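Participant: If you scroll down you'll find the structure; I have some questions about it.
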Amino acid sequence: MNPSRSHSWRALLLLTLLLAAIPTAWRQLASAPPEKRPSYETCAPGDPFVSLLHEVSNASATPREPPQRDSAPVSGVAAEPPPIEAVDGVATGQIRGVVRFRGESPRSSEANLAGKKLPVLQVDPETSGLGQAVVFLVGGDRLPQPPRPAVPAGRPTPVQAVMDQKDHEFTPHIVAITSGGGVRFTNSDVANHNVHGHGLDPKNQFNVFTGGGGSHVQRFRPEKGDRPVRIGCDIHPWMRGWVYVFAHPWFAITNRQGEFQIDEVPPGRHRLVIRQPDTRLEKTIGIEVVAGRVVREEVEFEATDLPAE
C-alpha cells in the first residue's frame with residue numbers, strides 16, 4: 001500500500017472519531033457541577049481540545065442569579081414604635097414624667113389626733129419624687145374628645161374614684177375625675193366623720209354625715225379655672241382632701257415616686273400644669289406632642305418655691 005494513502009486514511013479515521021466524541025463530551029461538561037469541570041489550570045499541557053470545549057461551555061452557559069435572601073433588620077437600629085391609640089382617626093401621643101421636690105416639706109397647721117403636725121407633702125426619701133400632685137392639660141376641653149359612653153337617665157352616678165376616711169385622714173389625699181362622675185366617700189374608722197365639700201359651684205357644695213362604716217356618693221362638676229373642690233371633716237379639722245374635676249381625660253396624679261402618665265394626647269403644642277394644692281406649688285410648661293411618640297418631662301420644685309405664708 002502507498003504510505004501517503006495510508007497516512008491520509010488514518011487522519012480521516014481520527015477526525016471521524018473526534019467528531020463523534022464531541023456531543024458526548026459536551027453533555028458531560030454541561031451536566032457536571034462547576035467544581036468538576038476542567039479549567040485551564042487542570043487541563044494537561046498540549047490539550048487544546050478540552051480547553052476549547054471549556055471556553056465554549058462557559059461562554060454559552062446562562063448566568064446564575066444570586067440567591068434571594070429575606071431582608072432582616074439592621075442590628076442596633078430600633079424599629080419605629082407602632083402608633084398609639086387614635087382619637088377620631090388621628091394618631092395620638094403620650095406624656096410621661098416625674099415630679100420632684102427638693103428640701104423640707106412644710107407641716108400642717110392643725111395637729112392630728114396624736115397632737116402631731118405632719119408634713120404636708122408626700123416626698124419619696126430616696127428619689128425626692130413628689131406624690132399626690134395633679135398634672136393636667138390646660139384647655140383640654142377644647143381638644144377633640146375621645147368617645148365616652150353615655151349614662152342613661154335615671155341610672156346611678158358612675159363612681160370614678162374612692163376617698164376613704166381612715167386613721168383620721170382622707171385617703172388618698174387627692175382624687176381626679178371627669179365631669180359628671182362621682183366620688184364614693186367611705187369611713188373605715190370606728191369614729192364618726194362627715195364630708196364637707198367647699199366649691200364655688202353650688203353643685204359642689206355639700207355636707208353629709210358618714211358614721212363608722214358609712215359611705216356617700218357625690219356627683220361633681222368642673223370648677224372655673226381648673227380649681228379643685230376642697231374636702232374637709234368638721235369633726236376633725238386637720239382632715240383635708242381635694243377633688244379635681246375636668247371636662248377632658250388628659251390628667252393624672254403622681255404616684256409615691258412622683259411618676260405620672262397621660263395617654264391618648266392629641267398631637268400639637270400644649271400647656272401642662274403641675275400643681276400641689278395644699279402648698280399652692282404650681283408650674284406650667286410648654287410641650288410638643290407628636291403622634292405615636294412619648295414625651296418625657298421632669299419637673300422639680302424647691303423649698304424656695306413655696307409661697308410665703
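Letters A, B, ... go to the chains of the C-alpha cells in the order shown; residues in each chain start at 1; ligands are counted from 1 in the same order.
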Residues near segment 198-215 of chain A, anyone? I mean within 7 Å using only C-alpha atoms, not counting same-chain ones fewer than 5 positions away, as a PyMOL selection string.

Facilitator: chain A and resi 184-193+220-221+223+229-231

Participant: Have a look at A:Asp124, A:Glu300, A:Asp234, A:Asp263 and name the one nearest to Gly93 of chain A; count only C-alpha atoms.

Facilitator: A:Asp263

Participant: DSSP on the backbone: which residues in segment 69-291 of chain A end up as strand (DSSP E)? Give the answer as a count of residues only.

Facilitator: 99

Participant: Do you know which residues are at most 8 Å from Ile177 of chain A counting only C-alpha atoms, after dropping those on the same chain fewer than 4 positions away, and could you put them as a PyMOL selection string?

Facilitator: chain A and resi 160-161+181-182+243-246

Participant: So, with only C-alpha atoms as the atoms that count, which of A:Gly131, A:Pro106, A:Pro266, A:Gly258 lies closest to Pro144 of chain A?

Facilitator: A:Pro266

Participant: Compile the contact shell of Ile235 of chain A as an NGL selection string: residues with an atom at most 10 Å away, counting only C-alpha atoms, same-chain residues fewer than 2 positions apart removed.

Facilitator: :A and (191-195 or 232-233 or 237-239)

Participant: Fewer than 6 positions away in the same chain doesn't count, so skip those; otherwise give me all residues within 9 Å of segment 151-158 of chain A, counting only C-alpha atoms, as an NGL selection string.

Facilitator: :A and (180-183 or 217-219)

Participant: Any idea what the distance is between atom CA of Val273 of chain A and atom CA of Ile285 of chain A?

Facilitator: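 Straight-line distance from atom CA of Val273 of chain A to atom CA of Ile285 of chain A works out to 6.6 Å.
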
Participant: Pick out the residues sitting within 12 Å of Thr127 of chain A, and hand them over as a PyMOL selection string; count only C-alpha atoms, and ignore anything fewer than 3 positions along from it in its own chain.

Facilitator: chain A and resi 98-102+122-124+130-131+256-259+300

Participant: Of the candidates A:Ala114, A:Lys224, A:Ala252, A:Gly241, which one gets nearest to Phe170 of chain A if we count only C-alpha atoms?

Facilitator: A:Gly241

Participant: So that I can check the surroundings of Leu281 of chain A, please list as a compact mmCIF listing (two decimals) with N, CA and C atoms, in the first residue's frame every protein, DNA and RNA residue that reaches within 7 Å of it, counting only C-alpha atoms and ignoring chain neighbours fewer than 4 positions away.

Facilitator:
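Writing done, so here's out_12.txt:
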# COMPACT_ATOMS: atom_id res chain seq x y z
N ARG A 275 -49.44 70.78 89.77
CA ARG A 275 -49.94 71.53 90.91
C ARG A 275 -50.05 70.65 92.15
N GLN A 276 -49.71 71.25 93.30
CA GLN A 276 -49.93 70.60 94.59
C GLN A 276 -50.78 71.56 95.42
N PRO A 277 -52.07 71.25 95.62
CA PRO A 277 -52.99 72.26 96.17
C PRO A 277 -52.76 72.62 97.64
N ASP A 305 -39.61 77.54 96.36
CA ASP A 305 -40.78 77.80 95.52
C ASP A 305 -42.06 77.89 96.33
N LEU A 306 -42.01 77.50 97.60
CA LEU A 306 -43.22 77.53 98.42
C LEU A 306 -43.66 78.97 98.65

Participant: Distance atom CA of Asp141 of chain A-atom CA of Ser179 of chain A, one decimal place?

Facilitator: 10.7 Å

Participant: Which value, in Å to one decimal, gives the distance between atom CA of His270 of chain A and atom CA of Val289 of chain A?

Facilitator: 7.5 Å

Participant: Using only C-alpha atoms, which residue out of A:Ser105, A:Gln261, A:Asn255, A:Thr178 lies closest to Pro222 of chain A?

Facilitator: A:Thr178
